[in-house]
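Participant: Okay, handing you the structure first.
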Amino acid sequence: MSTPRAVGTLGDQDDNGMWIVETGGVTYLLNDTARAIWELCDGHTTTDEMIDAISVLTGLAEDRARKDVLSAFEEMAASGLITGWERRDQS
Amino acid sequence: MNPASPTPLAGCQTKSVPEDRKQVCLRGDDLDFVERLASSLANVDVTVTSSGDPGADHDVVVWQMDGEVPRASLEEIASVVPTLVMASTSRLYDAVDAGARGFLPLDADLDQVTSAVSTIANGGAVIPPELLGQLLRHVVERRRTETVRREVADALTSRELEVYNLAVRGARRDEIAEKLFISPDTVRTHLQRVYKKLGVHSQTELMSEQVGGAPTEETGDT
């Protein structure tokens, strides 16, 4: 299980309440939930721990939480917003 | 539902309840707020009722609390009915740890509460966005602590666990011996086994390795 690490600098919110994150000269927008998950990526917390916490906190079934988190990570990894995430976590 | 329960309920309002409408139980220290909330909820097709302790016939409990979170009561209620807690943000962790499905600060307006009730009644959870990150981190840490506690409890005998619980709090060997009515040499033997099982080499290391306190188990140390 991987331990993703956030990459980039968190800025302010835009007019629509989205969080502005800049990395590699490119700006991305994250909603509140994505920002919270992104900030959990400290290089030590495992993907499983994050999924578990979200499931516990929201009451979402773990399968659903896993699907949502891994989907978000896939996008973040593709955008360079996290490192250390591996697709095998999706198993 | 226990009719003999002394649990006080505020803002009691009972209205005719069509079967398909939600049953919301309101509890609160601020009677005025509860009354206003009762009226507000009625406007969004949520019926307010309170005829005793929240029970399986309620869909949501809204519990507004001015002071500390009554953890045992909240755990009991939240295990039966999804519960929205309104409290100071300093109580957030206590409320969530006790199983609250939603949390709002005390200054949340009626529209926010109404929306939160609808969300929770439909199986969702309500966490203020600005608190989500810190709350997720808190839950991760809490789950780690629980895991460590389970591993410690599984690895040690009941006597070793008693010694461990005192040792991680910094008790000296003679203090542990006195408290557990055993000799200091026996304490040393138990400690050596504890160190070996937990992969540490000293009491100092034990204290630094343990996370958030160990499970208390019949140590008489209350």
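Simple scheme: letters A, B, ... for chains in structure tokens order, numbers from 1 for residues in each chain, numbers from 1 for ligands in the order shown.
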Within 12 Å of chain A, which residues of chain B show up? Give each one with its shortest atom-to-atom distance in Å (one decimal) and the two atoms involved, counting only C-alpha atoms, rows by chain then rising residue number, as a Markdown table.
Facilitator:
```
| residue | atom | partner | partner_atom | distance |
| --- | --- | --- | --- | --- |
| B:Pro82 | CA | A:Gly59 | CA | 10.0 |
| B:Thr83 | CA | A:Gly59 | CA | 12.0 |
| B:Leu92 | CA | A:Leu57 | CA | 11.9 |
| B:Tyr93 | CA | A:Leu57 | CA | 10.9 |
| B:Ala95 | CA | A:Leu57 | CA | 11.2 |
| B:Val96 | CA | A:Leu57 | CA | 7.5 |
| B:Asp97 | CA | A:Leu57 | CA | 9.2 |
| B:Ala98 | CA | A:Leu57 | CA | 11.1 |
| B:Gly99 | CA | A:Leu57 | CA | 8.7 |
| B:Ala100 | CA | A:Leu57 | CA | 8.9 |
| B:Arg101 | CA | A:Thr58 | CA | 7.0 |
| B:Gly102 | CA | A:Thr58 | CA | 8.4 |
| B:Phe103 | CA | A:Leu57 | CA | 10.8 |
| B:Thr119 | CA | A:Thr58 | CA | 11.4 |
| B:Ile120 | CA | A:Thr58 | CA | 10.1 |
| B:Asn122 | CA | A:Gly59 | CA | 11.8 |
| B:Gly123 | CA | A:Gly59 | CA | 8.1 |
| B:Gly124 | CA | A:Thr58 | CA | 7.0 |
| B:Ala125 | CA | A:Thr58 | CA | 5.1 |
| B:Val126 | CA | A:Thr58 | CA | 7.7 |
| B:Ile127 | CA | A:Thr58 | CA | 8.3 |
| B:Pro128 | CA | A:Asp32 | CA | 9.5 |
| B:Pro129 | CA | A:Asp32 | CA | 5.8 |
| B:Glu130 | CA | A:Asp32 | CA | 7.6 |
| B:Leu131 | CA | A:Ala36 | CA | 9.0 |
| B:Leu132 | CA | A:Ala36 | CA | 6.2 |
| B:Gly133 | CA | A:Ala36 | CA | 4.3 |
| B:Gln134 | CA | A:Ala36 | CA | 8.0 |
| B:Leu135 | CA | A:Leu57 | CA | 8.2 |
| B:Leu136 | CA | A:Ala53 | CA | 6.0 |
| B:Arg137 | CA | A:Leu40 | CA | 6.8 |
| B:His138 | CA | A:Ala53 | CA | 8.7 |
| B:Val139 | CA | A:Ala53 | CA | 5.5 |
| B:Val140 | CA | A:Ala53 | CA | 5.6 |
| B:Glu141 | CA | A:Ala53 | CA | 9.2 |
| B:Arg142 | CA | A:Ala53 | CA | 9.2 |
| B:Arg143 | CA | A:Ala53 | CA | 7.8 |
| B:Arg144 | CA | A:Glu49 | CA | 8.5 |
| B:Thr147 | CA | A:Glu49 | CA | 11.2 |
```
Participant: Do a neighbour search on A:Ser2 at 8 Å with only C-alpha atoms, toss out local chain neighbours closer than 4 positions, and write the hits as a PyMOL selection string.
Facilitator: chain A and resi 46-47+84-86+89
Participant: Identify, with DSSP run on backbone atoms, the residues in stretch 10-176 of chain B assigned to strand (DSSP E or B), and express the list as a list in words.
Facilitator: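 Those in stretch 10-176 of chain B that DSSP calls strand (DSSP E or B) are Lys22, Gln23, Val24, Cys25, Leu26, Arg27, Gly28, Val46, Thr47, Val48, Val60, Val61, Val62, Trp63, Gln64, Thr83, Leu84, Val85, Met86, Ala87, Gly102, Phe103, Leu104, Pro105 and Val126 of chain B.
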Participant: Convert the current residue selection to file output with N, CA and C atoms, as a PDB file, in the first residue's frame.
Facilitator:
```pdb
ATOM      1  N   LYS B  22     -40.066  12.242   7.874  1.00  0.00           N
ATOM      2  CA  LYS B  22     -38.951  11.918   8.757  1.00  0.00           C
ATOM      3  C   LYS B  22     -39.277  12.281  10.202  1.00  0.00           C
ATOM      4  N   GLN B  23     -38.780  11.469  11.093  1.00  0.00           N
ATOM      5  CA  GLN B  23     -38.947  11.709  12.516  1.00  0.00           C
ATOM      6  C   GLN B  23     -37.643  12.272  13.066  1.00  0.00           C
ATOM      7  N   VAL B  24     -37.702  13.466  13.567  1.00  0.00           N
ATOM      8  CA  VAL B  24     -36.492  14.095  14.089  1.00  0.00           C
ATOM      9  C   VAL B  24     -36.682  14.385  15.572  1.00  0.00           C
ATOM     10  N   CYS B  25     -35.743  13.950  16.357  1.00  0.00           N
ATOM     11  CA  CYS B  25     -35.782  14.231  17.788  1.00  0.00           C
ATOM     12  C   CYS B  25     -34.815  15.366  18.088  1.00  0.00           C
ATOM     13  N   LEU B  26     -35.299  16.385  18.711  1.00  0.00           N
ATOM     14  CA  LEU B  26     -34.463  17.533  19.070  1.00  0.00           C
ATOM     15  C   LEU B  26     -34.130  17.499  20.554  1.00  0.00           C
ATOM     16  N   ARG B  27     -32.877  17.702  20.829  1.00  0.00           N
ATOM     17  CA  ARG B  27     -32.434  17.862  22.219  1.00  0.00           C
ATOM     18  C   ARG B  27     -31.572  19.112  22.259  1.00  0.00           C
ATOM     19  N   GLY B  28     -31.650  19.835  23.335  1.00  0.00           N
ATOM     20  CA  GLY B  28     -30.796  21.013  23.365  1.00  0.00           C
ATOM     21  C   GLY B  28     -30.819  21.763  24.670  1.00  0.00           C
ATOM     22  N   VAL B  46     -39.981  17.862   7.455  1.00  0.00           N
ATOM     23  CA  VAL B  46     -39.418  17.002   8.487  1.00  0.00           C
ATOM     24  C   VAL B  46     -40.236  17.239   9.749  1.00  0.00           C
ATOM     25  N   THR B  47     -40.746  16.206  10.284  1.00  0.00           N
ATOM     26  CA  THR B  47     -41.608  16.353  11.444  1.00  0.00           C
ATOM     27  C   THR B  47     -40.810  16.201  12.729  1.00  0.00           C
ATOM     28  N   VAL B  48     -41.115  17.062  13.651  1.00  0.00           N
ATOM     29  CA  VAL B  48     -40.389  17.048  14.915  1.00  0.00           C
ATOM     30  C   VAL B  48     -41.211  16.308  15.955  1.00  0.00           C
ATOM     31  N   VAL B  60     -33.435  10.934  12.733  1.00  0.00           N
ATOM     32  CA  VAL B  60     -32.287  11.782  13.061  1.00  0.00           C
ATOM     33  C   VAL B  60     -32.484  12.375  14.455  1.00  0.00           C
ATOM     34  N   VAL B  61     -31.394  12.488  15.175  1.00  0.00           N
ATOM     35  CA  VAL B  61     -31.393  13.259  16.414  1.00  0.00           C
ATOM     36  C   VAL B  61     -30.548  14.506  16.183  1.00  0.00           C
ATOM     37  N   VAL B  62     -31.074  15.643  16.557  1.00  0.00           N
ATOM     38  CA  VAL B  62     -30.287  16.876  16.552  1.00  0.00           C
ATOM     39  C   VAL B  62     -30.049  17.238  18.007  1.00  0.00           C
ATOM     40  N   TRP B  63     -28.797  17.301  18.374  1.00  0.00           N
ATOM     41  CA  TRP B  63     -28.459  17.521  19.780  1.00  0.00           C
ATOM     42  C   TRP B  63     -27.592  18.768  19.869  1.00  0.00           C
ATOM     43  N   GLN B  64     -28.180  19.810  20.393  1.00  0.00           N
ATOM     44  CA  GLN B  64     -27.469  21.071  20.574  1.00  0.00           C
ATOM     45  C   GLN B  64     -26.959  21.116  22.007  1.00  0.00           C
ATOM     46  N   THR B  83     -26.957  10.926  14.416  1.00  0.00           N
ATOM     47  CA  THR B  83     -27.063  12.087  15.292  1.00  0.00           C
ATOM     48  C   THR B  83     -26.244  13.257  14.773  1.00  0.00           C
ATOM     49  N   LEU B  84     -26.890  14.401  14.732  1.00  0.00           N
ATOM     50  CA  LEU B  84     -26.225  15.652  14.368  1.00  0.00           C
ATOM     51  C   LEU B  84     -25.956  16.425  15.651  1.00  0.00           C
ATOM     52  N   VAL B  85     -24.703  16.700  15.913  1.00  0.00           N
ATOM     53  CA  VAL B  85     -24.335  17.443  17.109  1.00  0.00           C
ATOM     54  C   VAL B  85     -24.060  18.890  16.748  1.00  0.00           C
ATOM     55  N   MET B  86     -24.621  19.777  17.528  1.00  0.00           N
ATOM     56  CA  MET B  86     -24.306  21.198  17.405  1.00  0.00           C
ATOM     57  C   MET B  86     -23.589  21.594  18.684  1.00  0.00           C
ATOM     58  N   ALA B  87     -22.352  22.000  18.529  1.00  0.00           N
ATOM     59  CA  ALA B  87     -21.560  22.321  19.704  1.00  0.00           C
ATOM     60  C   ALA B  87     -20.404  23.216  19.298  1.00  0.00           C
ATOM     61  N   GLY B 102     -22.976  13.858  12.102  1.00  0.00           N
ATOM     62  CA  GLY B 102     -22.816  15.204  11.578  1.00  0.00           C
ATOM     63  C   GLY B 102     -22.443  16.157  12.694  1.00  0.00           C
ATOM     64  N   PHE B 103     -21.838  17.249  12.284  1.00  0.00           N
ATOM     65  CA  PHE B 103     -21.423  18.236  13.269  1.00  0.00           C
ATOM     66  C   PHE B 103     -21.608  19.622  12.685  1.00  0.00           C
ATOM     67  N   LEU B 104     -22.178  20.507  13.492  1.00  0.00           N
ATOM     68  CA  LEU B 104     -22.279  21.907  13.109  1.00  0.00           C
ATOM     69  C   LEU B 104     -21.880  22.769  14.289  1.00  0.00           C
ATOM     70  N   PRO B 105     -21.243  23.888  14.027  1.00  0.00           N
ATOM     71  CA  PRO B 105     -20.918  24.798  15.135  1.00  0.00           C
ATOM     72  C   PRO B 105     -22.190  25.426  15.700  1.00  0.00           C
ATOM     73  N   VAL B 126     -22.506  15.046   7.626  1.00  0.00           N
ATOM     74  CA  VAL B 126     -22.345  16.499   7.530  1.00  0.00           C
ATOM     75  C   VAL B 126     -21.120  16.936   8.324  1.00  0.00           C
TER      76      VAL B 126
END
```
Participant: Report, in Å to a single decimal, how far apart atom CA of A:Leu29 and atom CA of A:Met76 are.
Facilitator: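 Going from atom CA of A:Met76 over to atom CA of A:Leu29, I get 10.7 Å.
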Participant: Could you work out how far atom CA of A:Ala6 lies from atom CA of A:Ala78, giving the answer in Å with one decimal?
Facilitator: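 Atom CA of A:Ala6 lies 12.6 Å from atom CA of A:Ala78.
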Participant: Would you mind reading off the distance between atom CA of B:Ala171 and atom CA of B:Gly199, one decimal, in Å?
Facilitator: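 So the two atoms, atom CA of B:Ala171 and atom CA of B:Gly199, lie 19.7 Å apart.
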Participant: Pick out each residue of chain A that DSSP on the backbone tags as helix (DSSP H, G or I); I need them as a PyMOL selection string.
Facilitator: chain A and resi 32-40+47-58+62-79+87-90
